[in-house]
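*Asks:* Below is a structure I'd like to ask you about.
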Amino acid sequence: AIQLPYGQADNFKGVIDLIEKKLFVYDDPTGKVYQTLDVPESLQPEVEKYRNILIEKIAEVDDIILERYLHNEKISPQDIKKGLRCAVIANKFVPVLCGSSFRNKGIQLLLNAICDYLPSPVDLPPVKATSTDTGEVIEITPSDDAPFSALCFKIATDPYVGKLNYLRIYSGVVNSGTYIYNSTKDKKERVAKLVRMHANRQEIIETAATGDIIAAVGLKDTKTGDTLCEESRPVFLEAMRFPEPVIQQAIETTSKDEQEKLGMALHRLAEEDPSFRVFYNQETGQTIIAGMGQLHLEVIVDRILREFGVGVQVGMPQVAYRETITRKVHSTGKFIQQSGGRGQYGHVVIEMEPQEAPGAGIEFESKIKGGAIPQEFIPAVKEGIFDAARSGVLAGYPVTDVKVTLVDGSFHEVDSSELAFKMAAGIAFNEGLRKAQPVLLEPIMEMEVITPEEFLGAVIGDLSARRSKIVGIDSRANVRIVKVSVPLAEIFNYSTSLRSLTQGRATYTMEPSY
């Protein structure tokens with residue numbers, strides 16, 4: 001620690017800087033103004049104690065500080081800061097500061113510490129990139145004279161200027177009004193305006209150089225993680241990897257009139273946050289949002305209401321169940337209509353049997369011989385079977401894992417048509433479903449839970465309560481890996497439960513099994 005708190009909880013008033021031996025007191029409730037005072041006499045012994053501990057720690061990694069410390073020579077604040085900076089850059093020291101983000105206390109000192117101790121681009125090895133022409137790894141020199149290269153690390157929507165692409169410039173210079181090359185998308189983009197961001201204030205600038213973090217206006221196709229460079233030297237900077245979402249919720253508007261506004265809001269939020277996903281489930285008819293946790297989705301829902309003015313409600317997603325059959329049956333379907341003029345006539349006999357391999361879907365085969373049904377009507381029979389399979393007889397869920405064989409039928413030379421055979425096939429299929437002892441199938445997920453040893457019992461107990469089947473338990477270092485098969489309906493919001501069971505120390509991954 002390079003600071004000590006002055007007060008605690010509701011009585012937290014400021015911080016004590018161990019390097020400068022100064023007290024910074026925040027009387028302003030907004031945290032904008034603070035006083036610099038001498039450390040009170042009553043706290044001097046404690047400050048000296050922790051200052052000596054800090055110097056000892058720095059001396060372990062800095063020979064100059066060590067020599068002065070051993071010879072009882074005076075060590076100035078500048079010497080401590082210099083040694084501390086070198087230790088931080090070498091990844092041997094992590095400064096710990098005090099503050100309160102809610103009351104903005106200590107924020108100025110934190111920003112000063114970032115400038116004093118964290119490395120600049122010239123303090124670190126050159127960033128490596130991949131040439132898109134040759135595939136070779138090249139080094140990006142942090143210089144204004146080098147070719148331009150930058151990474152888009154964030155996207156935000158501004159109510160006045162529209163989309164803002166936040167860029168970190170690794171080399172070269174970019175000017176407002178010029179064209180740059182997006183090597184990730186293989187497209188040229190025009191920089192309409194460059195903006196330097198100051199919290200809630202924007203400063204329009206004409207030029208940005210190496211090391212700058214700025215926002216660009218006018219980039220239409222650039223997304224988070226894209227590399228921007230000169231077209232004469234196209235490169236890929238290291239790609240940003242985003243974790244897969246772990247929690248899903250269904251979302252809908254409180255008013256049908258706002259459906260379009262909700263779609264626009266979700267599109268913009270997904271564009272800003274790559275770890276937030278939106279998709280439409282065709283089978284359940286629900287819009288599903290997915291994110292990194294319960295809090296993540298709560299913030300998204302709050303932003304939809306606050307920034308876009310759309311009232312929404314969220315709930316558990318519906319599970320896409322399936323229906324199938326358990327025994328082989330024969331079924332007949334007839335569609336006959338006569339209404340004065342030309343009528344309708346279709347007659348099919350089908351054989352239905354369960355498929356052995358799960359996930360095989362509907363398989364259709366025709367064994368018609370001798371012209372019982374003309375060949376031009378066979379595709380209509382197949383279409384009728386597949387249309388009827390979209391809705392089962394138990395609960396209206398899609399039917400799967402059924403083999404349908406067309407074995408017989410009849411036709412009328414005048415009245416038979418494609419529509420008649422399509423209707424007859426649907427009638428035969430639904431009748432066969434009722435006779436073949438249909439059952440409901442639910443999606444099963446293969447899940448792998450990685451948990452510390454001490455929480456293994458709690459995790460397994462919770463999984464057992466969710467109708468899961470333990471496939472295996474392995475060891476890796478000091479953690480246990482639990483592999484299970486579990487129904488999808490049982491693991492909505494599982495990430496929240498797992499965190500509470502394991503103090504946030506366990507993780508899990510899952511993928512569809514069958």
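Residues are named by chain letter and number: chains run A, B, ... in the order of the structure tokens, numbers start at 1 in each chain, and ligands are numbered from 1 in the order shown.
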Can you tell me, as a PyMOL selection string, what residues are no more than 7 Å from Asn182 (chain A) when counting only C-alpha atoms, ignoring any on the same chain fewer than 4 positions away?
*Replies:* chain A and resi 186-189+226-229
*Asks:* Deliver the residues from the most recent selection as a file, using C-alpha atoms, as a compact mmCIF listing (two decimals), in the first residue's frame.
*Replies:*
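What ended up in result-v7.txt:
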```txt
# COMPACT_ATOMS: atom_id res chain seq x y z
CA ASP A 186 -11.05 -4.92 -45.57
CA LYS A 187 -12.77 -1.54 -45.98
CA LYS A 188 -11.73 2.11 -46.13
CA GLU A 189 -13.30 4.42 -43.55
CA ASP A 226 -11.04 -4.03 -35.33
CA THR A 227 -7.58 -2.88 -36.44
CA LEU A 228 -7.22 0.46 -38.26
CA CYS A 229 -4.07 1.20 -40.24
```
*Asks:* If you run DSSP on this backbone, which residues of region 416-503 of chain A come out as alpha helix (DSSP H), and could you give them as a VMD selection string?
*Replies:* chain A and resid 418 to 435 456 to 465 494 to 502
*Asks:* May I have the residues from that selection written out with N, CA and C atoms, as a short mmCIF file (atom, residue, chain, number, x, y, z; two decimals), in the first residue's frame?
*Replies:*
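For reference, part12.cif as written:
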```cif
data_model
loop_
_atom_site.label_atom_id
_atom_site.label_comp_id
_atom_site.auth_asym_id
_atom_site.auth_seq_id
_atom_site.Cartn_x
_atom_site.Cartn_y
_atom_site.Cartn_z
N GLU A 418 -52.18 -31.85 -56.00
CA GLU A 418 -51.09 -31.75 -55.02
C GLU A 418 -51.63 -31.34 -53.65
N LEU A 419 -52.59 -30.40 -53.63
CA LEU A 419 -53.17 -29.95 -52.36
C LEU A 419 -53.86 -31.10 -51.64
N ALA A 420 -54.60 -31.93 -52.39
CA ALA A 420 -55.33 -33.04 -51.77
C ALA A 420 -54.36 -34.04 -51.13
N PHE A 421 -53.26 -34.36 -51.83
CA PHE A 421 -52.30 -35.31 -51.26
C PHE A 421 -51.51 -34.70 -50.10
N LYS A 422 -51.27 -33.40 -50.16
CA LYS A 422 -50.61 -32.73 -49.04
C LYS A 422 -51.47 -32.80 -47.79
N MET A 423 -52.77 -32.54 -47.94
CA MET A 423 -53.70 -32.61 -46.80
C MET A 423 -53.83 -34.04 -46.29
N ALA A 424 -53.89 -35.01 -47.20
CA ALA A 424 -54.02 -36.41 -46.79
C ALA A 424 -52.79 -36.87 -46.01
N ALA A 425 -51.60 -36.42 -46.46
CA ALA A 425 -50.37 -36.80 -45.77
C ALA A 425 -50.36 -36.24 -44.35
N GLY A 426 -50.81 -34.99 -44.17
CA GLY A 426 -50.86 -34.38 -42.83
C GLY A 426 -51.82 -35.13 -41.92
N ILE A 427 -52.97 -35.54 -42.46
CA ILE A 427 -53.96 -36.29 -41.67
C ILE A 427 -53.37 -37.63 -41.24
N ALA A 428 -52.69 -38.32 -42.18
CA ALA A 428 -52.10 -39.62 -41.86
C ALA A 428 -51.01 -39.48 -40.81
N PHE A 429 -50.19 -38.43 -40.92
CA PHE A 429 -49.09 -38.23 -39.97
C PHE A 429 -49.63 -37.98 -38.55
N ASN A 430 -50.64 -37.11 -38.41
CA ASN A 430 -51.19 -36.80 -37.09
C ASN A 430 -51.88 -38.02 -36.48
N GLU A 431 -52.56 -38.82 -37.32
CA GLU A 431 -53.20 -40.03 -36.81
C GLU A 431 -52.14 -41.03 -36.33
N GLY A 432 -51.04 -41.13 -37.10
CA GLY A 432 -49.97 -42.03 -36.71
C GLY A 432 -49.30 -41.62 -35.41
N LEU A 433 -49.14 -40.31 -35.21
CA LEU A 433 -48.55 -39.82 -33.95
C LEU A 433 -49.38 -40.28 -32.75
N ARG A 434 -50.70 -40.18 -32.85
CA ARG A 434 -51.57 -40.55 -31.73
C ARG A 434 -51.47 -42.05 -31.42
N LYS A 435 -51.30 -42.88 -32.46
CA LYS A 435 -51.25 -44.33 -32.25
C LYS A 435 -49.87 -44.82 -31.81
N LEU A 456 -16.91 -28.85 -3.46
CA LEU A 456 -17.33 -29.94 -4.33
C LEU A 456 -18.67 -30.54 -3.88
N GLY A 457 -18.81 -30.80 -2.59
CA GLY A 457 -20.05 -31.40 -2.07
C GLY A 457 -21.27 -30.53 -2.33
N ALA A 458 -21.14 -29.23 -2.09
CA ALA A 458 -22.26 -28.31 -2.31
C ALA A 458 -22.65 -28.25 -3.78
N VAL A 459 -21.64 -28.25 -4.66
CA VAL A 459 -21.91 -28.17 -6.10
C VAL A 459 -22.62 -29.44 -6.58
N ILE A 460 -22.13 -30.62 -6.15
CA ILE A 460 -22.75 -31.87 -6.57
C ILE A 460 -24.18 -31.98 -6.03
N GLY A 461 -24.39 -31.56 -4.78
CA GLY A 461 -25.74 -31.59 -4.21
C GLY A 461 -26.70 -30.71 -4.99
N ASP A 462 -26.23 -29.54 -5.39
CA ASP A 462 -27.09 -28.63 -6.16
C ASP A 462 -27.39 -29.22 -7.54
N LEU A 463 -26.38 -29.82 -8.18
CA LEU A 463 -26.59 -30.42 -9.50
C LEU A 463 -27.56 -31.60 -9.42
N SER A 464 -27.48 -32.39 -8.36
CA SER A 464 -28.39 -33.52 -8.20
C SER A 464 -29.83 -33.06 -8.07
N ALA A 465 -30.01 -31.92 -7.39
CA ALA A 465 -31.36 -31.37 -7.24
C ALA A 465 -31.92 -30.85 -8.57
N TYR A 494 -28.19 -20.46 -13.59
CA TYR A 494 -27.29 -21.32 -12.80
C TYR A 494 -26.03 -20.57 -12.36
N SER A 495 -25.57 -19.62 -13.19
CA SER A 495 -24.35 -18.88 -12.84
C SER A 495 -24.50 -18.15 -11.51
N THR A 496 -25.68 -17.58 -11.25
CA THR A 496 -25.91 -16.88 -9.99
C THR A 496 -25.87 -17.85 -8.82
N SER A 497 -26.50 -19.01 -8.97
CA SER A 497 -26.51 -20.01 -7.90
C SER A 497 -25.10 -20.53 -7.64
N LEU A 498 -24.34 -20.77 -8.72
CA LEU A 498 -22.99 -21.30 -8.57
C LEU A 498 -22.08 -20.31 -7.84
N ARG A 499 -22.23 -19.04 -8.15
CA ARG A 499 -21.41 -18.04 -7.47
C ARG A 499 -21.71 -18.00 -5.97
N SER A 500 -22.99 -18.07 -5.61
CA SER A 500 -23.35 -18.02 -4.19
C SER A 500 -22.89 -19.27 -3.44
N LEU A 501 -22.87 -20.42 -4.13
CA LEU A 501 -22.44 -21.67 -3.49
C LEU A 501 -20.94 -21.69 -3.26
N THR A 502 -20.17 -21.04 -4.14
CA THR A 502 -18.71 -21.18 -4.11
C THR A 502 -17.98 -19.87 -3.85
#
```
*Asks:* Could you work out how far CA of Leu151 (chain A) lies from CA of Pro234 (chain A), giving the answer in Å with one decimal?
*Replies:* 12.8 Å
*Asks:* Taking only C-alpha atoms into account, produce a table as JSON lines in which each residue of region 72-179 of chain A with an atom at most 12 Å from an atom of region 290-313 of chain A appears once, together with its shortest atom pair and the distance in Å to one decimal, ordered by chain and rising number.
*Replies:*
```
{"residue": "A:Thr157", "atom": "CA", "partner": "A:Glu307", "partner_atom": "CA", "distance": 10.2}
{"residue": "A:Asp158", "atom": "CA", "partner": "A:Glu307", "partner_atom": "CA", "distance": 10.6}
{"residue": "A:Pro159", "atom": "CA", "partner": "A:Glu307", "partner_atom": "CA", "distance": 9.4}
```
*Asks:* Take the residues from that selection and write them out as a PDB file, in the first residue's frame, keeping N, CA and C atoms.
*Replies:*
```pdb
ATOM      1  N   THR A 157     -22.592   5.317 -27.991  1.00  0.00           N
ATOM      2  CA  THR A 157     -23.550   6.112 -28.763  1.00  0.00           C
ATOM      3  C   THR A 157     -23.757   7.450 -28.076  1.00  0.00           C
ATOM      4  N   ASP A 158     -23.501   8.527 -28.794  1.00  0.00           N
ATOM      5  CA  ASP A 158     -23.677   9.878 -28.274  1.00  0.00           C
ATOM      6  C   ASP A 158     -24.965  10.462 -28.839  1.00  0.00           C
ATOM      7  N   PRO A 159     -25.806  11.109 -27.991  1.00  0.00           N
ATOM      8  CA  PRO A 159     -27.085  11.638 -28.495  1.00  0.00           C
ATOM      9  C   PRO A 159     -26.926  12.750 -29.521  1.00  0.00           C
TER      10      PRO A 159
END
```
*Asks:* Can you pull out every residue within 9 Å of Gly472 (chain A), counting only C-alpha atoms, but drop anything in the same chain fewer than 6 positions away, and send it as a PDB file with C-alpha atoms, in the first residue's frame?
*Replies:*
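Wrote part-v1.pdb, looks like this:
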```
ATOM      1  CA  ILE A 481     -13.830 -30.786 -12.596  1.00  0.00           C
ATOM      2  CA  VAL A 482     -17.383 -32.118 -12.515  1.00  0.00           C
ATOM      3  CA  LYS A 483     -18.836 -33.321 -15.841  1.00  0.00           C
ATOM      4  CA  VAL A 484     -22.623 -33.680 -15.928  1.00  0.00           C
TER       5      VAL A 484
END
```
*Asks:* What does the structure give for the distance between CA of Ile75 (chain A) and CA of Val47 (chain A), in Å to one decimal?
*Replies:*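 Between these atoms lies a distance of 15.4 Å.
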*Asks:* I need the residues in region 334-504 of chain A that are strand (DSSP E) according to DSSP; give them as a JSON list (two decimals) with N, CA and C atoms, in the first residue's frame.
*Replies:*
```
[["chain", "number", "residue", "atom", "x", "y", "z"],
["A", 334, "LYS", "N", -57.02, -39.79, -45.58],
["A", 334, "LYS", "CA", -57.84, -39.52, -46.76],
["A", 334, "LYS", "C", -58.35, -38.08, -46.71],
["A", 335, "PHE", "N", -58.28, -37.43, -47.86],
["A", 335, "PHE", "CA", -58.85, -36.09, -47.98],
["A", 335, "PHE", "C", -59.76, -36.08, -49.20],
["A", 336, "ILE", "N", -61.07, -36.04, -48.96],
["A", 336, "ILE", "CA", -62.06, -36.11, -50.05],
["A", 336, "ILE", "C", -63.04, -34.96, -49.89],
["A", 337, "GLN", "N", -63.20, -34.19, -50.94],
["A", 337, "GLN", "CA", -64.17, -33.09, -50.94],
["A", 337, "GLN", "C", -64.90, -33.09, -52.28],
["A", 344, "GLN", "N", -61.84, -32.81, -54.68],
["A", 344, "GLN", "CA", -60.49, -33.05, -54.19],
["A", 344, "GLN", "C", -60.42, -34.49, -53.69],
["A", 345, "TYR", "N", -59.36, -35.20, -54.10],
["A", 345, "TYR", "CA", -59.21, -36.57, -53.64],
["A", 345, "TYR", "C", -57.73, -36.89, -53.44],
["A", 346, "GLY", "N", -57.42, -37.34, -52.21],
["A", 346, "GLY", "CA", -56.07, -37.78, -51.90],
["A", 346, "GLY", "C", -56.13, -38.89, -50.88],
["A", 347, "HIS", "N", -55.34, -39.94, -51.08],
["A", 347, "HIS", "CA", -55.37, -41.09, -50.16],
["A", 347, "HIS", "C", -53.95, -41.63, -50.04],
["A", 348, "VAL", "N", -53.42, -41.65, -48.79],
["A", 348, "VAL", "CA", -52.05, -42.16, -48.57],
["A", 348, "VAL", "C", -52.07, -43.14, -47.41],
["A", 349, "VAL", "N", -51.14, -44.10, -47.47],
["A", 349, "VAL", "CA", -50.89, -45.03, -46.37],
["A", 349, "VAL", "C", -49.41, -44.93, -46.04],
["A", 350, "ILE", "N", -49.12, -44.62, -44.79],
["A", 350, "ILE", "CA", -47.71, -44.44, -44.40],
["A", 350, "ILE", "C", -47.36, -45.37, -43.25],
["A", 351, "GLU", "N", -46.07, -45.61, -43.14],
["A", 351, "GLU", "CA", -45.52, -46.38, -42.03],
["A", 351, "GLU", "C", -44.60, -45.46, -41.24],
["A", 352, "MET", "N", -44.78, -45.36, -39.92],
["A", 352, "MET", "CA", -43.98, -44.47, -39.06],
["A", 352, "MET", "C", -43.23, -45.30, -38.03],
["A", 353, "GLU", "N", -41.93, -44.99, -37.86],
["A", 353, "GLU", "CA", -41.14, -45.71, -36.87],
["A", 353, "GLU", "C", -40.12, -44.74, -36.26],
["A", 354, "PRO", "N", -39.74, -44.97, -34.99],
["A", 354, "PRO", "CA", -38.76, -44.08, -34.35],
["A", 354, "PRO", "C", -37.37, -44.27, -34.95],
["A", 362, "ILE", "N", -36.75, -35.58, -39.24],
["A", 362, "ILE", "CA", -37.76, -36.35, -39.97],
["A", 362, "ILE", "C", -37.14, -36.88, -41.26],
["A", 363, "GLU", "N", -37.27, -38.18, -41.47],
["A", 363, "GLU", "CA", -36.77, -38.79, -42.70],
["A", 363, "GLU", "C", -37.96, -39.35, -43.49],
["A", 364, "PHE", "N", -38.00, -39.02, -44.79],
["A", 364, "PHE", "CA", -39.11, -39.46, -45.64],
["A", 364, "PHE", "C", -38.58, -40.38, -46.74],
["A", 365, "GLU", "N", -39.32, -41.46, -46.99],
["A", 365, "GLU", "CA", -38.96, -42.40, -48.05],
["A", 365, "GLU", "C", -40.23, -42.88, -48.73],
["A", 366, "SER", "N", -40.17, -43.01, -50.04],
["A", 366, "SER", "CA", -41.33, -43.51, -50.80],
["A", 366, "SER", "C", -41.04, -44.90, -51.34],
["A", 402, "VAL", "N", -38.26, -39.26, -36.43],
["A", 402, "VAL", "CA", -39.29, -40.17, -36.95],
["A", 402, "VAL", "C", -38.97, -40.46, -38.42],
["A", 403, "LYS", "N", -39.02, -41.75, -38.79],
["A", 403, "LYS", "CA", -38.88, -42.13, -40.19],
["A", 403, "LYS", "C", -40.27, -42.44, -40.75],
["A", 404, "VAL", "N", -40.62, -41.78, -41.83],
["A", 404, "VAL", "CA", -41.93, -41.95, -42.47],
["A", 404, "VAL", "C", -41.73, -42.58, -43.84],
["A", 405, "THR", "N", -42.41, -43.69, -44.06],
["A", 405, "THR", "CA", -42.31, -44.39, -45.35],
["A", 405, "THR", "C", -43.69, -44.43, -46.01],
["A", 406, "LEU", "N", -43.78, -43.91, -47.21],
["A", 406, "LEU", "CA", -45.02, -43.94, -47.98],
["A", 406, "LEU", "C", -45.12, -45.32, -48.65],
["A", 407, "VAL", "N", -46.13, -46.11, -48.25],
["A", 407, "VAL", "CA", -46.19, -47.51, -48.72],
["A", 407, "VAL", "C", -47.35, -47.76, -49.68],
["A", 408, "ASP", "N", -48.40, -46.95, -49.62],
["A", 408, "ASP", "CA", -49.55, -47.23, -50.49],
["A", 408, "ASP", "C", -50.43, -45.99, -50.58],
["A", 409, "GLY", "N", -51.48, -46.08, -51.38],
["A", 409, "GLY", "CA", -52.41, -44.98, -51.53],
["A", 409, "GLY", "C", -53.24, -45.17, -52.78],
["A", 410, "SER", "N", -54.02, -44.18, -53.12],
["A", 410, "SER", "CA", -54.82, -44.23, -54.34],
["A", 410, "SER", "C", -55.07, -42.82, -54.83],
["A", 439, "VAL", "N", -44.07, -39.25, -26.99],
["A", 439, "VAL", "CA", -43.47, -38.78, -25.74],
["A", 439, "VAL", "C", -42.85, -37.40, -25.98],
["A", 440, "LEU", "N", -42.60, -36.71, -24.87],
["A", 440, "LEU", "CA", -42.00, -35.37, -24.92],
["A", 440, "LEU", "C", -40.50, -35.49, -24.68],
["A", 441, "LEU", "N", -39.72, -34.80, -25.50],
["A", 441, "LEU", "CA", -38.27, -34.77, -25.33],
["A", 441, "LEU", "C", -37.86, -33.39, -24.83],
["A", 444, "ILE", "N", -30.98, -31.59, -23.53],
["A", 444, "ILE", "CA", -30.01, -31.92, -22.49],
["A", 444, "ILE", "C", -28.68, -31.23, -22.81],
["A", 445, "MET", "N", -28.04, -30.67, -21.80],
["A", 445, "MET", "CA", -26.78, -29.97, -21.97],
["A", 445, "MET", "C", -25.64, -30.74, -21.32],
["A", 446, "GLU", "N", -24.50, -30.77, -22.00],
["A", 446, "GLU", "CA", -23.28, -31.29, -21.40],
["A", 446, "GLU", "C", -22.60, -30.12, -20.70],
["A", 447, "MET", "N", -22.35, -30.26, -19.39],
["A", 447, "MET", "CA", -21.82, -29.15, -18.61],
["A", 447, "MET", "C", -20.57, -29.59, -17.86],
["A", 448, "GLU", "N", -19.62, -28.67, -17.76],
["A", 448, "GLU", "CA", -18.39, -28.92, -17.03],
["A", 448, "GLU", "C", -18.22, -27.82, -15.99],
["A", 449, "VAL", "N", -18.21, -28.20, -14.72],
["A", 449, "VAL", "CA", -18.10, -27.24, -13.62],
["A", 449, "VAL", "C", -16.72, -27.38, -13.00],
["A", 450, "ILE", "N", -15.99, -26.27, -12.91],
["A", 450, "ILE", "CA", -14.66, -26.26, -12.28],
["A", 450, "ILE", "C", -14.78, -25.55, -10.95],
["A", 451, "THR", "N", -14.53, -26.28, -9.86],
["A", 451, "THR", "CA", -14.75, -25.73, -8.52],
["A", 451, "THR", "C", -13.60, -26.10, -7.59],
["A", 452, "PRO", "N", -13.28, -25.24, -6.61],
["A", 452, "PRO", "CA", -12.30, -25.62, -5.58],
["A", 452, "PRO", "C", -12.79, -26.84, -4.80],
["A", 469, "LYS", "N", -27.19, -35.78, -14.33],
["A", 469, "LYS", "CA", -26.52, -37.07, -14.26],
["A", 469, "LYS", "C", -25.02, -36.82, -14.24],
["A", 470, "ILE", "N", -24.35, -37.23, -13.15],
["A", 470, "ILE", "CA", -22.91, -37.03, -13.02],
["A", 470, "ILE", "C", -22.19, -38.00, -13.95],
["A", 471, "VAL", "N", -21.44, -37.46, -14.90],
["A", 471, "VAL", "CA", -20.71, -38.29, -15.86],
["A", 471, "VAL", "C", -19.33, -38.64, -15.34],
["A", 472, "GLY", "N", -18.68, -37.71, -14.65],
["A", 472, "GLY", "CA", -17.34, -37.97, -14.13],
["A", 472, "GLY", "C", -16.84, -36.81, -13.30],
["A", 473, "ILE", "N", -15.87, -37.09, -12.43],
["A", 473, "ILE", "CA", -15.23, -36.06, -11.60],
["A", 473, "ILE", "C", -13.72, -36.23, -11.75],
["A", 474, "ASP", "N", -13.05, -35.19, -12.23],
["A", 474, "ASP", "CA", -11.60, -35.23, -12.43],
["A", 474, "ASP", "C", -10.92, -34.20, -11.54],
["A", 475, "SER", "N", -9.60, -34.33, -11.41],
["A", 475, "SER", "CA", -8.80, -33.39, -10.62],
["A", 475, "SER", "C", -7.82, -32.68, -11.54],
["A", 476, "ARG", "N", -7.61, -31.40, -11.25],
["A", 476, "ARG", "CA", -6.60, -30.62, -11.96],
["A", 476, "ARG", "C", -6.02, -29.61, -10.98],
["A", 479, "VAL", "N", -8.15, -27.94, -8.05],
["A", 479, "VAL", "CA", -9.57, -27.80, -8.33],
["A", 479, "VAL", "C", -10.11, -29.14, -8.80],
["A", 480, "ARG", "N", -11.45, -29.27, -8.73],
["A", 480, "ARG", "CA", -12.13, -30.48, -9.22],
["A", 480, "ARG", "C", -13.00, -30.10, -10.41],
["A", 481, "ILE", "N", -13.05, -31.01, -11.38],
["A", 481, "ILE", "CA", -13.83, -30.79, -12.60],
["A", 481, "ILE", "C", -14.97, -31.79, -12.61],
["A", 482, "VAL", "N", -16.19, -31.28, -12.54],
["A", 482, "VAL", "CA", -17.38, -32.12, -12.52],
["A", 482, "VAL", "C", -18.04, -32.07, -13.89],
["A", 483, "LYS", "N", -18.19, -33.23, -14.54],
["A", 483, "LYS", "CA", -18.84, -33.32, -15.84],
["A", 483, "LYS", "C", -20.21, -33.94, -15.66],
["A", 484, "VAL", "N", -21.25, -33.24, -16.14],
["A", 484, "VAL", "CA", -22.62, -33.68, -15.93],
["A", 484, "VAL", "C", -23.44, -33.50, -17.19],
["A", 485, "SER", "N", -24.53, -34.25, -17.28],
["A", 485, "SER", "CA", -25.58, -34.04, -18.27],
["A", 485, "SER", "C", -26.80, -33.53, -17.51],
["A", 486, "VAL", "N", -27.34, -32.40, -17.94],
["A", 486, "VAL", "CA", -28.41, -31.76, -17.17],
["A", 486, "VAL", "C", -29.45, -31.18, -18.12],
["A", 487, "PRO", "N", -30.74, -31.27, -17.79],
["A", 487, "PRO", "CA", -31.78, -30.66, -18.63],
["A", 487, "PRO", "C", -31.62, -29.15, -18.69]]
```
*Asks:* Neighbouring residues of region 34-38 of chain A were defined as those with any atom within 6 Å, considering only C-alpha atoms; residues of the same chain fewer than 4 positions away were excluded. Please report them as a list in words.
*Replies:*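 Selected residues are Lys22, Leu23, Phe24, Val25 and Tyr26 of chain A.
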*Asks:* Those same residues, written as a CSV table (one decimal), in the first residue's frame with C-alpha atoms?
*Replies:*
```
chain,number,residue,atom,x,y,z
A,22,LYS,CA,0.7,14.2,3.6
A,23,LEU,CA,-3.0,14.0,4.5
A,24,PHE,CA,-5.6,14.7,1.8
A,25,VAL,CA,-9.0,15.6,3.3
A,26,TYR,CA,-12.2,15.7,1.2
```
*Asks:* A:Glu442, A:Glu56, A:Glu272, A:Glu323: which is nearest Asn165 (chain A), counting only C-alpha atoms?
*Replies:*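 Distance minimum relative to Asn165 (chain A) lands on A:Glu272.
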*Asks:* Please identify all polymer residues within 9 Å of Gln3 (chain A), counting only C-alpha atoms, omitting same-chain residues fewer than 6 positions from it, and present them as a list in words.
*Replies:*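 What passes the distance filter is Val15, Ile16, Asp17, Leu18, Ile19, Tyr50, Pro95, Val96, Leu97 and Cys98 of chain A.
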*Asks:* Take the residues that were just selected and, keeping C-alpha atoms, output them as a PDB file, in the first residue's frame.
*Replies:*
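Output file out27.pdb follows:
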```pdb
ATOM      1  CA  VAL A  15      -6.254   9.404   2.533  1.00  0.00           C
ATOM      2  CA  ILE A  16      -2.712   9.590   3.888  1.00  0.00           C
ATOM      3  CA  ASP A  17       0.083   9.478   1.293  1.00  0.00           C
ATOM      4  CA  LEU A  18       2.922   7.340   2.727  1.00  0.00           C
ATOM      5  CA  ILE A  19       5.448   8.630   0.177  1.00  0.00           C
ATOM      6  CA  TYR A  50       3.886   1.566   7.101  1.00  0.00           C
ATOM      7  CA  PRO A  95       0.565  -0.254  -5.729  1.00  0.00           C
ATOM      8  CA  VAL A  96      -2.564  -0.285  -3.556  1.00  0.00           C
ATOM      9  CA  LEU A  97      -4.449   2.996  -3.061  1.00  0.00           C
ATOM     10  CA  CYS A  98      -7.475   4.034  -0.991  1.00  0.00           C
TER      11      CYS A  98
END
```
*Asks:* Using only C-alpha atoms, pick whichever of A:His330, A:Arg103, A:Arg168, A:Lys193 has the shortest atom-to-atom distance to Lys154 (chain A).
*Replies:*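 The shortest atom-to-atom distance to Lys154 (chain A) comes from A:Arg168.
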*Asks:* Just to confirm, what's the straight-line distance from CA of Ala90 (chain A) to CA of Asp123 (chain A) in Å (one decimal)?
*Replies:* 9.7 Å
*Asks:* Taking only C-alpha atoms into account, name the residue in A:Tyr397, A:Tyr117, A:Tyr69, A:Tyr179 that is nearest to Thr324 (chain A).
*Replies:*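 Answer, going by the shortest atom-to-atom distance: A:Tyr397.
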*Asks:* Kindly indicate which residue among A:Ala389, A:Ala380, A:Ala506, A:Leu70 lies nearest to Gly361 (chain A), using only C-alpha atoms for the distances.
*Replies:*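 Using only C-alpha atoms, the shortest distance to Gly361 (chain A) belongs to A:Ala389.
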*Asks:* Write out as a VMD selection string the residues lying within 12 Å of region 222-225 of chain A, counting only C-alpha atoms and excluding same-chain residues fewer than 5 positions away.
*Replies:* chain A and resid 150 to 156 163 to 168 180 to 191 216 to 217 236 to 242 268 270 to 275
*Asks:* Using only C-alpha atoms, which of A:Ser232, A:Val195, A:Gly99, A:Leu54 sits nearest Leu111 (chain A)?
*Replies:*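 Of A:Ser232, A:Val195, A:Gly99, A:Leu54, the one nearest Leu111 (chain A), counting only C-alpha atoms, is A:Gly99.
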